[in-house]
Structure formats: structure tokens, C-alpha cells
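Structure file query_1.pdb (PDB, C-alpha atoms) follows.
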```pdb
ATOM      1  CA  MET A   4       0.000   0.000   0.000
ATOM      2  CA  PRO A   5       1.546   3.341  -0.963
ATOM      3  CA  LEU A   6       1.808   5.928   1.798
ATOM      4  CA  THR A   7      -1.080   8.383   1.924
ATOM      5  CA  LYS A   8      -0.534  12.124   1.690
ATOM      6  CA  SER A   9      -1.386  12.584   5.362
ATOM      7  CA  GLN A  10       1.049   9.804   6.374
ATOM      8  CA  ILE A  11       3.779  11.564   4.384
ATOM      9  CA  GLN A  12       2.819  14.894   5.932
ATOM     10  CA  ARG A  13       3.040  13.493   9.471
ATOM     11  CA  LEU A  14       6.317  11.700   8.678
ATOM     12  CA  GLY A  15       7.836  15.016   7.541
ATOM     13  CA  GLU A  16       6.627  16.717  10.721
ATOM     14  CA  ARG A  17       8.221  14.031  12.902
ATOM     15  CA  LEU A  18      11.498  14.119  10.955
ATOM     16  CA  GLY A  19      11.651  17.879  11.396
ATOM     17  CA  ARG A  20      10.958  17.662  15.133
ATOM     18  CA  ILE A  21      12.643  14.531  16.471
ATOM     19  CA  GLU A  22      16.418  14.108  16.566
ATOM     20  CA  PRO A  23      17.674  11.464  16.246
ATOM     21  CA  PRO A  24      14.866  10.124  14.059
ATOM     22  CA  ASP A  25      13.004   6.963  14.964
ATOM     23  CA  PRO A  26      14.327   4.002  12.903
ATOM     24  CA  ALA A  27      10.712   3.241  11.904
ATOM     25  CA  ASP A  28      10.473   6.742  10.393
ATOM     26  CA  LEU A  29      13.688   6.149   8.455
ATOM     27  CA  GLU A  30      12.074   3.038   6.995
ATOM     28  CA  LEU A  31       8.980   5.036   5.995
ATOM     29  CA  LEU A  32      11.188   7.735   4.443
ATOM     30  CA  ASP A  33      13.042   5.046   2.504
ATOM     31  CA  GLU A  34       9.717   3.652   1.249
ATOM     32  CA  PHE A  35       8.589   7.157   0.250
ATOM     33  CA  GLU A  36      11.829   7.853  -1.631
ATOM     34  CA  GLN A  37      11.700   4.506  -3.406
ATOM     35  CA  SER A  38       8.275   5.465  -4.788
ATOM     36  CA  PHE A  39      10.165   8.006  -6.987
ATOM     37  CA  GLU A  40      12.574   5.462  -8.452
ATOM     38  CA  ALA A  41      10.491   4.444 -11.469
ATOM     39  CA  ALA A  42       9.912   8.070 -12.512
ATOM     40  CA  LEU A  43      13.591   8.908 -11.952
ATOM     41  CA  HIS A  44      14.765   6.054 -14.153
ATOM     42  CA  HIS A  45      12.276   6.969 -16.866
ATOM     43  CA  VAL A  46      13.625  10.550 -16.799
ATOM     44  CA  VAL A  47      17.201   9.308 -17.057
ATOM     45  CA  ARG A  48      16.365   7.054 -20.024
ATOM     46  CA  LEU A  49      14.860  10.024 -21.868
ATOM     47  CA  ILE A  50      17.856  12.260 -21.081
ATOM     48  CA  ARG A  51      20.355   9.604 -22.114
ATOM     49  CA  GLY A  52      18.465   9.429 -25.416
ATOM     50  CA  LEU A  53      19.784  12.964 -25.996
ATOM     51  CA  GLY A  54      23.362  11.680 -25.702
ATOM     52  CA  LEU A  55      23.817  13.064 -22.165
ATOM     53  CA  ASP A  56      25.014  11.226 -19.066
ATOM     54  CA  PRO A  57      23.253  12.585 -15.977
ATOM     55  CA  THR A  58      24.130  11.512 -12.454
ATOM     56  CA  THR A  59      21.053  10.618 -10.421
ATOM     57  CA  ARG A  60      20.563  10.906  -6.696
ATOM     58  CA  LEU A  61      17.901  10.367  -4.077
ATOM     59  CA  LYS A  62      17.854  13.216  -1.591
ATOM     60  CA  THR A  63      19.697  12.356   1.617
ATOM     61  CA  ARG A  64      17.899  12.139   4.944
ATOM     62  CA  ARG A  65      20.192  14.906   6.193
ATOM     63  CA  SER A  66      19.146  17.261   3.357
ATOM     64  CA  ILE A  67      15.452  16.408   3.717
ATOM     65  CA  VAL A  68      15.485  17.131   7.451
ATOM     66  CA  ALA A  69      17.488  20.348   6.954
ATOM     67  CA  LYS A  70      15.008  21.551   4.311
ATOM     68  CA  ILE A  71      11.984  20.763   6.504
ATOM     69  CA  ARG A  72      13.530  22.670   9.404
ATOM     70  CA  ARG A  73      14.855  25.590   7.350
ATOM     71  CA  GLN A  74      11.922  26.236   5.043
ATOM     72  CA  HIS A  75       9.131  24.473   6.960
ATOM     73  CA  THR A  76       8.543  22.655   3.669
ATOM     74  CA  SER A  77       6.038  19.840   3.710
ATOM     75  CA  LEU A  78       7.641  16.510   2.787
ATOM     76  CA  SER A  79       4.738  15.714   0.457
ATOM     77  CA  ARG A  80       5.380  18.917  -1.523
ATOM     78  CA  MET A  81       9.157  18.582  -1.968
ATOM     79  CA  GLN A  82      10.005  18.557  -5.653
ATOM     80  CA  ASP A  83      13.589  17.377  -5.378
ATOM     81  CA  ILE A  84      13.276  14.055  -3.563
ATOM     82  CA  ALA A  85      14.582  12.438  -6.746
ATOM     83  CA  GLY A  86      16.823  14.252  -9.140
ATOM     84  CA  CYS A  87      19.683  14.220 -11.546
ATOM     85  CA  ARG A  88      22.448  16.610 -12.533
ATOM     86  CA  ILE A  89      24.023  17.470 -15.860
ATOM     87  CA  VAL A  90      27.171  19.648 -16.002
ATOM     88  CA  LEU A  91      27.886  21.271 -19.357
ATOM     89  CA  GLU A  92      30.854  23.177 -20.732
ATOM     90  CA  ASP A  93      29.241  26.600 -21.082
ATOM     91  CA  VAL A  94      26.044  28.602 -21.115
ATOM     92  CA  MET A  95      25.463  28.135 -24.867
ATOM     93  CA  LYS A  96      25.488  24.368 -24.418
ATOM     94  CA  GLN A  97      23.205  24.849 -21.401
ATOM     95  CA  GLU A  98      20.686  26.720 -23.576
ATOM     96  CA  GLU A  99      20.837  24.022 -26.252
ATOM     97  CA  VAL A 100      20.223  21.242 -23.716
ATOM     98  CA  LEU A 101      17.348  23.173 -22.107
ATOM     99  CA  ASP A 102      15.651  23.455 -25.501
ATOM    100  CA  ARG A 103      16.032  19.730 -26.051
ATOM    101  CA  LEU A 104      14.717  18.909 -22.575
ATOM    102  CA  ARG A 105      11.610  21.050 -23.201
ATOM    103  CA  ASP A 106      10.830  18.925 -26.266
ATOM    104  CA  LEU A 107      10.777  15.588 -24.423
ATOM    105  CA  PRO A 108       7.419  13.948 -23.648
ATOM    106  CA  TRP A 109       6.906  14.821 -19.970
ATOM    107  CA  ASP A 110       3.511  14.837 -18.229
ATOM    108  CA  GLY A 111       4.450  18.263 -16.845
ATOM    109  CA  LEU A 112       7.447  20.606 -16.907
ATOM    110  CA  GLU A 113       8.447  23.687 -14.889
ATOM    111  CA  VAL A 114      11.638  25.665 -15.387
ATOM    112  CA  ASP A 115      13.246  27.408 -12.428
ATOM    113  CA  ASP A 116      15.909  29.600 -14.021
ATOM    114  CA  ARG A 117      18.184  30.631 -11.170
ATOM    115  CA  ARG A 118      20.449  32.502 -13.574
ATOM    116  CA  LEU A 119      17.727  35.159 -13.634
ATOM    117  CA  ARG A 120      17.086  34.942  -9.877
ATOM    118  CA  PRO A 121      20.224  33.519  -8.241
ATOM    119  CA  SER A 122      19.709  32.027  -4.758
ATOM    120  CA  HIS A 123      22.430  33.694  -2.656
ATOM    121  CA  GLY A 124      24.841  33.399  -5.591
ATOM    122  CA  TYR A 125      23.689  29.948  -6.758
ATOM    123  CA  ARG A 126      23.102  29.969 -10.493
ATOM    124  CA  ALA A 127      21.765  26.999 -12.454
ATOM    125  CA  VAL A 128      18.601  25.970 -14.223
ATOM    126  CA  HIS A 129      16.368  23.453 -12.488
ATOM    127  CA  VAL A 130      13.864  21.703 -14.703
ATOM    128  CA  ILE A 131      11.179  19.944 -12.692
ATOM    129  CA  VAL A 132       9.438  17.325 -14.762
ATOM    130  CA  THR A 133       6.510  15.192 -13.711
ATOM    131  CA  LEU A 134       6.048  11.565 -14.684
ATOM    132  CA  ASP A 135       3.370   9.269 -13.269
ATOM    133  CA  GLY A 136       2.495  11.936 -10.704
ATOM    134  CA  ARG A 137       6.049  12.131  -9.357
ATOM    135  CA  PRO A 138       8.245  15.242  -9.724
ATOM    136  CA  VAL A 139      11.892  14.767 -10.683
ATOM    137  CA  GLU A 140      14.339  17.670 -10.582
ATOM    138  CA  ILE A 141      16.895  17.944 -13.395
ATOM    139  CA  GLN A 142      19.733  20.307 -12.433
ATOM    140  CA  VAL A 143      21.356  21.738 -15.535
ATOM    141  CA  ARG A 144      24.581  23.563 -14.689
ATOM    142  CA  THR A 145      27.523  24.955 -16.574
ATOM    143  CA  ARG A 146      31.024  24.087 -15.432
ATOM    144  CA  LEU A 147      31.400  27.509 -13.779
ATOM    145  CA  GLN A 148      27.966  27.363 -12.114
ATOM    146  CA  ASP A 149      28.868  23.924 -10.786
ATOM    147  CA  LEU A 150      32.264  25.141  -9.566
ATOM    148  CA  TRP A 151      30.541  27.890  -7.543
ATOM    149  CA  ALA A 152      27.994  25.416  -6.148
ATOM    150  CA  GLN A 153      30.647  22.875  -5.108
ATOM    151  CA  VAL A 154      32.789  25.578  -3.458
ATOM    152  CA  SER A 155      29.694  26.894  -1.656
ATOM    153  CA  GLU A 156      28.785  23.387  -0.423
ATOM    154  CA  LYS A 157      32.324  22.788   0.754
ATOM    155  CA  MET A 158      32.338  26.120   2.596
ATOM    156  CA  ALA A 159      29.006  25.207   4.178
ATOM    157  CA  ASP A 160      30.629  21.993   5.446
ATOM    158  CA  ARG A 161      33.421  24.011   7.001
ATOM    159  CA  PHE A 162      31.643  27.164   8.178
ATOM    160  CA  GLY A 163      28.050  26.002   8.684
ATOM    161  CA  LEU A 164      25.006  25.336   6.503
ATOM    162  CA  ASP A 165      23.836  28.977   6.833
ATOM    163  CA  VAL A 166      26.559  29.958   4.368
ATOM    164  CA  LYS A 167      24.460  28.483   1.546
ATOM    165  CA  TYR A 168      21.629  30.838   2.408
ATOM    166  CA  GLY A 169      23.583  34.090   2.570
ATOM    167  CA  ARG A 170      24.174  33.968   6.310
ATOM    168  CA  GLY A 171      27.137  32.945   8.456
ATOM    169  CA  PRO A 172      30.608  34.519   8.656
ATOM    170  CA  ALA A 173      30.714  37.756   6.619
ATOM    171  CA  ARG A 174      34.094  36.961   5.034
ATOM    172  CA  VAL A 175      32.674  33.714   3.661
ATOM    173  CA  THR A 176      29.410  35.156   2.303
ATOM    174  CA  GLU A 177      31.327  38.093   0.810
ATOM    175  CA  PHE A 178      33.768  35.739  -0.890
ATOM    176  CA  LEU A 179      30.919  33.676  -2.381
ATOM    177  CA  ALA A 180      29.202  36.836  -3.657
ATOM    178  CA  GLU A 181      32.493  38.059  -5.170
ATOM    179  CA  LEU A 182      33.003  34.705  -6.890
ATOM    180  CA  ALA A 183      29.422  34.594  -8.191
ATOM    181  CA  ASP A 184      29.614  38.082  -9.707
ATOM    182  CA  PRO A 185      32.188  37.500 -12.502
ATOM    183  CA  ILE A 186      30.740  34.050 -13.221
ATOM    184  CA  GLY A 187      27.298  35.554 -13.812
ATOM    185  CA  LYS A 188      28.688  38.442 -15.854
ATOM    186  CA  SER A 189      30.879  36.242 -18.051
ATOM    187  CA  GLU A 190      27.953  33.943 -18.825
ATOM    188  CA  ASP A 191      25.591  36.825 -19.567
ATOM    189  CA  VAL A 192      28.113  38.281 -22.003
ATOM    190  CA  LEU A 193      28.732  34.870 -23.599
ATOM    191  CA  LEU A 194      25.010  34.601 -24.319
ATOM    192  CA  ARG A 195      24.996  38.078 -25.860
ATOM    193  CA  LEU A 196      28.003  37.120 -27.928
ATOM    194  CA  ALA A 197      26.203  34.002 -29.148
ATOM    195  CA  SER A 198      23.153  36.033 -30.182
ATOM    196  CA  TYR A 199      25.401  38.527 -32.024
ATOM    197  CA  LYS A 200      27.051  35.680 -33.903
ATOM    198  CA  VAL A 201      23.646  34.567 -35.138
ATOM    199  CA  ARG A 202      22.844  38.140 -36.224
ATOM    200  CA  TYR A 203      26.153  38.665 -37.976
ATOM    201  CA  VAL A 204      26.370  35.232 -39.601
ATOM    202  CA  GLY A 205      28.169  35.294 -42.932
ATOM    203  CA  ARG A 206      29.810  38.671 -42.242
ATOM    204  CA  ASP A 207      33.389  39.315 -41.361
ATOM    205  CA  GLU A 208      33.353  39.338 -37.564
ATOM    206  CA  GLU A 209      36.733  41.046 -37.402
ATOM    207  CA  LEU A 210      35.059  44.178 -38.745
ATOM    208  CA  ASN A 211      32.726  44.291 -35.811
ATOM    209  CA  PRO A 212      34.453  45.932 -32.831
ATOM    210  CA  GLU A 213      31.479  45.185 -30.597
ATOM    211  CA  LEU A 214      32.135  41.455 -30.841
ATOM    212  CA  GLU A 215      35.758  41.979 -29.942
ATOM    213  CA  ALA A 216      34.769  44.092 -26.948
ATOM    214  CA  LEU A 217      32.437  41.360 -25.727
ATOM    215  CA  ARG A 218      35.150  38.714 -26.126
ATOM    216  CA  THR A 219      37.510  40.872 -24.077
ATOM    217  CA  ASP A 220      34.826  41.258 -21.375
ATOM    218  CA  VAL A 221      34.394  37.472 -21.160
ATOM    219  CA  GLU A 222      38.152  36.976 -20.821
ATOM    220  CA  GLU A 223      38.351  39.620 -18.096
ATOM    221  CA  TYR A 224      35.442  38.193 -16.099
ATOM    222  CA  GLN A 225      36.847  34.672 -16.366
ATOM    223  CA  SER A 226      40.228  35.954 -15.283
ATOM    224  CA  ASP A 227      38.478  37.543 -12.256
ATOM    225  CA  VAL A 228      37.089  34.108 -11.341
ATOM    226  CA  GLY A 229      40.634  32.718 -11.335
ATOM    227  CA  LYS A 230      41.868  35.660  -9.239
ATOM    228  CA  ARG A 231      39.134  35.157  -6.636
ATOM    229  CA  LEU A 232      39.995  31.461  -6.364
ATOM    230  CA  ASN A 233      43.703  32.217  -6.036
ATOM    231  CA  GLU A 234      42.891  34.710  -3.270
ATOM    232  CA  LEU A 235      40.901  31.967  -1.537
ATOM    233  CA  LEU A 236      43.892  29.621  -1.758
ATOM    234  CA  VAL A 237      46.134  32.255  -0.169
ATOM    235  CA  THR A 238      43.592  32.824   2.637
ATOM    236  CA  LEU A 239      43.218  29.097   3.275
ATOM    237  CA  SER A 240      46.967  28.554   3.488
ATOM    238  CA  SER A 241      47.576  31.484   5.886
TER
ATOM    239  CA  MET B  29      24.944   2.717 -15.118
ATOM    240  CA  THR B  30      26.644   1.986 -11.805
ATOM    241  CA  ILE B  31      25.104   2.637  -8.398
ATOM    242  CA  PHE B  32      27.382   4.317  -5.854
ATOM    243  CA  LEU B  33      26.705   4.311  -2.131
ATOM    244  CA  LEU B  34      28.684   7.128  -0.594
ATOM    245  CA  GLU B  35      29.059   8.102   3.058
ATOM    246  CA  TYR B  36      30.464  11.554   3.754
ATOM    247  CA  ASP B  37      31.369  13.361   6.957
ATOM    248  CA  PRO B  38      30.542  17.075   6.439
ATOM    249  CA  ALA B  39      32.444  18.108   9.583
ATOM    250  CA  THR B  40      35.759  16.816   8.253
ATOM    251  CA  GLY B  41      34.959  16.911   4.526
ATOM    252  CA  GLU B  42      36.056  13.293   4.387
ATOM    253  CA  ARG B  43      34.558  10.571   2.225
ATOM    254  CA  LEU B  44      34.204   7.555   4.500
ATOM    255  CA  ARG B  45      32.798   5.015   2.086
ATOM    256  CA  LEU B  46      32.315   4.491  -1.628
ATOM    257  CA  GLU B  47      30.693   1.193  -2.554
ATOM    258  CA  THR B  48      29.562   0.255  -6.024
ATOM    259  CA  TYR B  49      26.642  -1.931  -7.060
ATOM    260  CA  ASP B  50      25.553  -2.934 -10.525
ATOM    261  CA  GLU B  51      22.017  -2.148 -11.613
ATOM    262  CA  GLY B  52      20.828  -5.663 -10.824
ATOM    263  CA  HIS B  53      21.653  -5.103  -7.142
ATOM    264  CA  ARG B  54      19.641  -1.919  -6.595
ATOM    265  CA  ALA B  55      17.651  -3.444  -3.702
ATOM    266  CA  GLU B  56      20.902  -4.279  -1.878
ATOM    267  CA  ALA B  57      22.200  -0.733  -2.390
ATOM    268  CA  LEU B  58      18.961   0.745  -1.027
ATOM    269  CA  ALA B  59      19.047  -1.634   1.948
ATOM    270  CA  ALA B  60      22.670  -0.699   2.682
ATOM    271  CA  ARG B  61      21.782   3.009   2.577
ATOM    272  CA  LEU B  62      18.913   2.503   5.027
ATOM    273  CA  ARG B  63      21.121   0.449   7.341
ATOM    274  CA  LEU B  64      23.805   3.160   7.401
ATOM    275  CA  ASP B  65      21.235   5.914   7.989
ATOM    276  CA  LYS B  66      19.845   3.947  10.949
ATOM    277  CA  GLU B  67      23.308   3.251  12.391
ATOM    278  CA  ASN B  68      24.284   6.918  12.136
ATOM    279  CA  ALA B  69      20.981   8.054  13.669
ATOM    280  CA  VAL B  70      21.367   5.697  16.637
ATOM    281  CA  ALA B  71      24.987   6.805  17.149
ATOM    282  CA  GLY B  72      24.047  10.502  16.800
ATOM    283  CA  ARG B  73      26.505  10.960  13.920
ATOM    284  CA  ASP B  74      25.952  13.780  11.403
ATOM    285  CA  ARG B  75      26.715  11.992   8.138
ATOM    286  CA  GLU B  76      25.501  12.201   4.585
ATOM    287  CA  VAL B  77      24.596   8.827   3.140
ATOM    288  CA  VAL B  78      23.792   9.204  -0.512
ATOM    289  CA  LEU B  79      22.872   6.856  -3.321
ATOM    290  CA  LEU B  80      24.025   8.084  -6.718
ATOM    291  CA  GLU B  81      23.956   6.520 -10.139
ATOM    292  CA  ALA B  82      26.268   7.390 -13.020
ATOM    293  CA  VAL B  83      27.834   5.827 -16.092
ATOM    294  CA  SER B  84      31.211   5.710 -14.369
ATOM    295  CA  GLU B  85      33.086   6.964 -11.314
ATOM    296  CA  ASP B  86      34.665   9.664 -13.509
ATOM    297  CA  ALA B  87      31.188  10.895 -14.461
ATOM    298  CA  LEU B  88      30.204  10.906 -10.779
ATOM    299  CA  ARG B  89      33.344  12.866  -9.863
ATOM    300  CA  ALA B  90      32.522  15.426 -12.562
ATOM    301  CA  THR B  91      29.019  16.157 -11.215
ATOM    302  CA  HIS B  92      29.651  15.686  -7.465
ATOM    303  CA  SER B  93      33.225  16.876  -6.953
ATOM    304  CA  ARG B  94      32.464  18.040  -3.393
ATOM    305  CA  TYR B  95      32.592  14.407  -2.261
ATOM    306  CA  PHE B  96      35.984  13.855  -3.874
ATOM    307  CA  LYS B  97      37.931  17.096  -3.490
ATOM    308  CA  THR B  98      38.946  19.372  -0.653
ATOM    309  CA  LEU B  99      38.044  23.071  -0.807
ATOM    310  CA  GLU B 100      41.663  23.776  -1.724
ATOM    311  CA  GLU B 101      41.594  21.234  -4.566
ATOM    312  CA  LEU B 102      38.330  22.677  -5.909
ATOM    313  CA  ALA B 103      39.785  26.195  -5.855
ATOM    314  CA  GLU B 104      43.041  25.051  -7.493
ATOM    315  CA  ALA B 105      41.193  23.185 -10.255
ATOM    316  CA  GLY B 106      38.878  26.161 -10.863
ATOM    317  CA  ALA B 107      41.731  28.671 -10.919
ATOM    318  CA  ALA B 108      43.737  26.544 -13.336
ATOM    319  CA  HIS B 109      40.907  26.122 -15.843
TER
END
```

What would the structure in this file look like if it were written as C-alpha cells?
Amino acid sequence: MPLTKSQIQRLGERLGRIEPPDPADLELLDEFEQSFEAALHHVVRLIRGLGLDPTTRLKTRRSIVAKIRRQHTSLSRMQDIAGCRIVLEDVMKQEEVLDRLRDLPWDGLEVDDRRLRPSHGYRAVHVIVTLDGRPVEIQVRTRLQDLWAQVSEKMADRFGLDVKYGRGPARVTEFLAELADPIGKSEDVLLRLASYKVRYVGRDEELNPELEALRTDVEEYQSDVGKRLNELLVTLSS
Amino acid sequence: MTIFLLEYDPATGERLRLETYDEGHRAEALAARLRLDKENAVAGRDREVVLLEAVSEDALRATHSRYFKTLEELAEAGAAH
């Protein structure tokens, strides 16, 4: 018998309240998570049909409990119990893959574009698809977006989970904001550059100083990313 | 696709376990995850126990580098790119 919505609701409430959790509740959580497996594997089959190799994951108990406590989110309404991640070379490839994902035969699809509304510096696109009544979150990141996210996670391990949500030691949140800034700018300019290339197709690009200026901007922003990371290395070693 | 059962200690940033299962042994991987979650809960240990699936360990390392690299290694790799 699948768990009812009210059973899931009460399970989430207990997990958020009781520490350590009751082993019986961990079994129920496991059962609930396993109910997403068929949808998750269907999603992965469709994505692999596009020639991509996503990594799948079931959300950890630790993350589920943290989310319930932090956001007072109901377990039954969580959209990222099951998910997968794709990391792509750059923002143009990200756009191409997003277009291809939109064309796949989902029962439902929502796009949460965190490049437009970054969450405390976190930029990525989350595509939440529904299959057989189960949501599955597809995280589509560029290499630079993923680098920021991994650094942020690692800093949260070291300086506390609050760091991921714009709180915690000021030097850490300031560093993450300073790292996010040139990443976001370089990707925005790369997208503009790509749209210019479409507009100027067949013409001699060298004659267009605007394209050159945009290329220089991208190089400068990407160089800033490297500088920020080198500064971090110096700080960590001192 | 290979199933990876990974146990990670956020406090130390250390990966404590990386077990692999082939797709035919999914039930065993899920059972092992539940067992570890229960053991950690009883012992009051703050650990991440995560079940991931990827075409290879290299693919897993590319999407979940936090479990495989220190903060310093992540910064070095990012700065060098």
C-alpha cells in the first residue's frame, strides 16, 4: 500500500521535530523515496536518449530534514526528492540542452531559471518534470555554475550550513558573492556574444568591434574568477 | 549505469565510504543506505549517506566533486581552468 498524503505529511513533521529520528520513520522515508525510483529512471532514459550522461541521486535524509527545518517545507510537496544533474561546458550548451529537454514527452514541466534569480549566488537551471504523478528535478549547470555550487557546499561543510543561504561569517558570504559576480557576468556576455554571432552570420566578424569588446569582457570576467579562487587559496593557506 | 553508495562526513569533509553496485543489485544498495542511515541516527553521527547513479566513477566525480575534493583542490582546479 503506498503511503497516503497525510502519512507523508506526518512523517515530515516528525522528521523535522525529532532528533535522532526513529528508525521506523527512516524506513517510511526510505519507502517514500523509493516510490520516486520508477519516474527517476524513466527521466534518465529520456535524457540519455539525448546523448547526455546525468548523475542521479535520491535526496539524503540529512538534506530532507534540513530543508523541513529551514523552510518548513512539507515533505509531500518537496520537488527534489529524486533528481539528476548534468554539467555542461558553457552557457550556450546549457541553452541548447534546455531546448532539447523542453521537447521531451513529460507529463508536466516547470523551469526554475536561477540565472535570472540567483539564490544567494547559486546559479543553475532546475527543470522539474513530472512523470506518473512524481516530480523529478533535473539540475542543468555549466562548469562555472557547478564550480561555484561545489565551493559553496564545501564552505558550508566548514563554516556552517547557513553559508548556503547568505548567512554565516561575513568573510565567507562576501567571498561567495564576489566569486558569483564575474561568473554571472561572463555567462551573460557569452550569451549576448552568441546572439550577435547569429545576427552577424556570414559577415566578417573582425570588422565588428562590438564582438571583440564582448570577447575581451568574457576573458576579463573569467580571469576575475581565477583571481578570486587564487585569493581563496592564499587565505586558506595562511 | 553503476550505483554508488557514498558516506560523507561534512564536519571533516572526508569521504568515508564508496561502494559500487551494478544495476541488478539496486535493492541491496537501497538496503545498505537505510542500514547506514539507521546506524548513524542511533549513534548521533551527522553523516551524509547518498545513493548516486552514473555511467562511471569519472562521471560521478565530474558532477559531485564536493565528495571527492577538498576546498583547496576545488579552488586550485577552478583557478587553473

task = Translate the PyMOL selection byres ((chain A) within 9 of (chain B)), as applied to the file shown, into an explicit residue set as a ChimeraX atom specification.
result = /A:22-26,29-30,33,37,56-66,87-90,147,149-150,153-154,156-161,226,228-233,235-236,239-240

key: Straight-line distance linking atom CA of Val201 of chain A with atom CA of Val130 of chain A, stated in Å to one decimal   = 26.1 Å

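With atom CA of Leu55 of chain A on one side and atom CA of Glu222 of chain A on the other, the separation reads 27.9 Å.
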
Specify as a PDB file with C-alpha atoms, in the coordinates of the input each residue included when the PyMOL selection byres ((chain A and resi 192) around 12) is applied to this file.
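And here's part-v1.pdb as it stands now:
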```pdb
ATOM      1  CA  ASP A  93      29.241  26.600 -21.082  1.00  0.00           C
ATOM      2  CA  VAL A  94      26.044  28.602 -21.115  1.00  0.00           C
ATOM      3  CA  MET A  95      25.463  28.135 -24.867  1.00  0.00           C
ATOM      4  CA  PRO A 185      32.188  37.500 -12.502  1.00  0.00           C
ATOM      5  CA  ILE A 186      30.740  34.050 -13.221  1.00  0.00           C
ATOM      6  CA  GLY A 187      27.298  35.554 -13.812  1.00  0.00           C
ATOM      7  CA  LYS A 188      28.688  38.442 -15.854  1.00  0.00           C
ATOM      8  CA  SER A 189      30.879  36.242 -18.051  1.00  0.00           C
ATOM      9  CA  GLU A 190      27.953  33.943 -18.825  1.00  0.00           C
ATOM     10  CA  ASP A 191      25.591  36.825 -19.567  1.00  0.00           C
ATOM     11  CA  LEU A 193      28.732  34.870 -23.599  1.00  0.00           C
ATOM     12  CA  LEU A 194      25.010  34.601 -24.319  1.00  0.00           C
ATOM     13  CA  ARG A 195      24.996  38.078 -25.860  1.00  0.00           C
ATOM     14  CA  LEU A 196      28.003  37.120 -27.928  1.00  0.00           C
ATOM     15  CA  ALA A 197      26.203  34.002 -29.148  1.00  0.00           C
ATOM     16  CA  SER A 198      23.153  36.033 -30.182  1.00  0.00           C
ATOM     17  CA  TYR A 199      25.401  38.527 -32.024  1.00  0.00           C
ATOM     18  CA  GLU A 213      31.479  45.185 -30.597  1.00  0.00           C
ATOM     19  CA  LEU A 214      32.135  41.455 -30.841  1.00  0.00           C
ATOM     20  CA  GLU A 215      35.758  41.979 -29.942  1.00  0.00           C
ATOM     21  CA  ALA A 216      34.769  44.092 -26.948  1.00  0.00           C
ATOM     22  CA  LEU A 217      32.437  41.360 -25.727  1.00  0.00           C
ATOM     23  CA  ARG A 218      35.150  38.714 -26.126  1.00  0.00           C
ATOM     24  CA  THR A 219      37.510  40.872 -24.077  1.00  0.00           C
ATOM     25  CA  ASP A 220      34.826  41.258 -21.375  1.00  0.00           C
ATOM     26  CA  VAL A 221      34.394  37.472 -21.160  1.00  0.00           C
ATOM     27  CA  GLU A 222      38.152  36.976 -20.821  1.00  0.00           C
ATOM     28  CA  GLU A 223      38.351  39.620 -18.096  1.00  0.00           C
ATOM     29  CA  TYR A 224      35.442  38.193 -16.099  1.00  0.00           C
ATOM     30  CA  GLN A 225      36.847  34.672 -16.366  1.00  0.00           C
TER      31      GLN A 225
END
```

task = Just give me the gap between atom CA of Gly111 of chain A and atom CA of Leu49 of chain A in Å, one decimal is fine.
result =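 Computing the Euclidean distance for atom CA of Gly111 of chain A and atom CA of Leu49 of chain A yields 14.2 Å.
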
Please enclose the listed atoms of segment 95-107 of chain B in an axis-aligned box, pad each side by 5 Å, and write out the centre and the three edge lengths in Å, rounded to one decimal, as lines of an AutoDock Vina configuration file.
```
center_x = 37.8
center_y = 21.3
center_z = -5.8
size_x = 20.4
size_y = 24.8
size_z = 20.3
```

task = For the structure provided, state which residues fall under the PyMOL selection byres ((chain A and resi 11) around 10), and present them as a PyMOL selection string.
result = chain A and resi 6-10+12-17+31-32+35+77-80

Tyr125 of chain A environment, 8 Å, only C-alpha atoms, sequence neighbours closer than 4 positions dropped, as a list in words = Arg117, Arg118, Pro121, Gln148, Trp151, Ala152 and Ala183 of chain A

Pick from A:Leu119, A:Pro212, A:Asp165, A:Val114 nearest to Asp102 of chain A, counting all atoms listed in the file =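 Counting all atoms listed in the file, the residue closest to Asp102 of chain A is A:Val114.
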
Taking N, CA and C atoms as the atom set, what does segment 176-188 of chain A look like once completed, written as a PDB file, in the frame of the given file?
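Generated output (selection29.pdb):
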```
ATOM      1  N   THR A 176      30.516  34.768   3.198  1.00  0.00           N
ATOM      2  CA  THR A 176      29.410  35.156   2.303  1.00  0.00           C
ATOM      3  C   THR A 176      29.887  36.214   1.293  1.00  0.00           C
ATOM      4  N   GLU A 177      30.796  37.082   1.737  1.00  0.00           N
ATOM      5  CA  GLU A 177      31.327  38.093   0.810  1.00  0.00           C
ATOM      6  C   GLU A 177      32.158  37.427  -0.288  1.00  0.00           C
ATOM      7  N   PHE A 178      32.962  36.438   0.114  1.00  0.00           N
ATOM      8  CA  PHE A 178      33.768  35.739  -0.890  1.00  0.00           C
ATOM      9  C   PHE A 178      32.857  35.069  -1.927  1.00  0.00           C
ATOM     10  N   LEU A 179      31.800  34.391  -1.450  1.00  0.00           N
ATOM     11  CA  LEU A 179      30.919  33.676  -2.381  1.00  0.00           C
ATOM     12  C   LEU A 179      30.218  34.661  -3.330  1.00  0.00           C
ATOM     13  N   ALA A 180      29.835  35.824  -2.797  1.00  0.00           N
ATOM     14  CA  ALA A 180      29.202  36.836  -3.657  1.00  0.00           C
ATOM     15  C   ALA A 180      30.208  37.356  -4.684  1.00  0.00           C
ATOM     16  N   GLU A 181      31.459  37.544  -4.259  1.00  0.00           N
ATOM     17  CA  GLU A 181      32.493  38.059  -5.170  1.00  0.00           C
ATOM     18  C   GLU A 181      32.868  37.027  -6.236  1.00  0.00           C
ATOM     19  N   LEU A 182      32.733  35.755  -5.896  1.00  0.00           N
ATOM     20  CA  LEU A 182      33.003  34.705  -6.890  1.00  0.00           C
ATOM     21  C   LEU A 182      31.829  34.576  -7.863  1.00  0.00           C
ATOM     22  N   ALA A 183      30.619  34.741  -7.342  1.00  0.00           N
ATOM     23  CA  ALA A 183      29.422  34.594  -8.191  1.00  0.00           C
ATOM     24  C   ALA A 183      29.336  35.715  -9.226  1.00  0.00           C
ATOM     25  N   ASP A 184      29.785  36.910  -8.839  1.00  0.00           N
ATOM     26  CA  ASP A 184      29.614  38.082  -9.707  1.00  0.00           C
ATOM     27  C   ASP A 184      30.276  37.916 -11.090  1.00  0.00           C
ATOM     28  N   PRO A 185      31.588  37.628 -11.164  1.00  0.00           N
ATOM     29  CA  PRO A 185      32.188  37.500 -12.502  1.00  0.00           C
ATOM     30  C   PRO A 185      31.703  36.262 -13.264  1.00  0.00           C
ATOM     31  N   ILE A 186      31.285  35.243 -12.527  1.00  0.00           N
ATOM     32  CA  ILE A 186      30.740  34.050 -13.221  1.00  0.00           C
ATOM     33  C   ILE A 186      29.453  34.455 -13.947  1.00  0.00           C
ATOM     34  N   GLY A 187      28.568  35.126 -13.215  1.00  0.00           N
ATOM     35  CA  GLY A 187      27.298  35.554 -13.812  1.00  0.00           C
ATOM     36  C   GLY A 187      27.534  36.504 -14.977  1.00  0.00           C
ATOM     37  N   LYS A 188      28.450  37.463 -14.787  1.00  0.00           N
ATOM     38  CA  LYS A 188      28.688  38.442 -15.854  1.00  0.00           C
ATOM     39  C   LYS A 188      29.283  37.782 -17.089  1.00  0.00           C
TER      40      LYS A 188
END
```
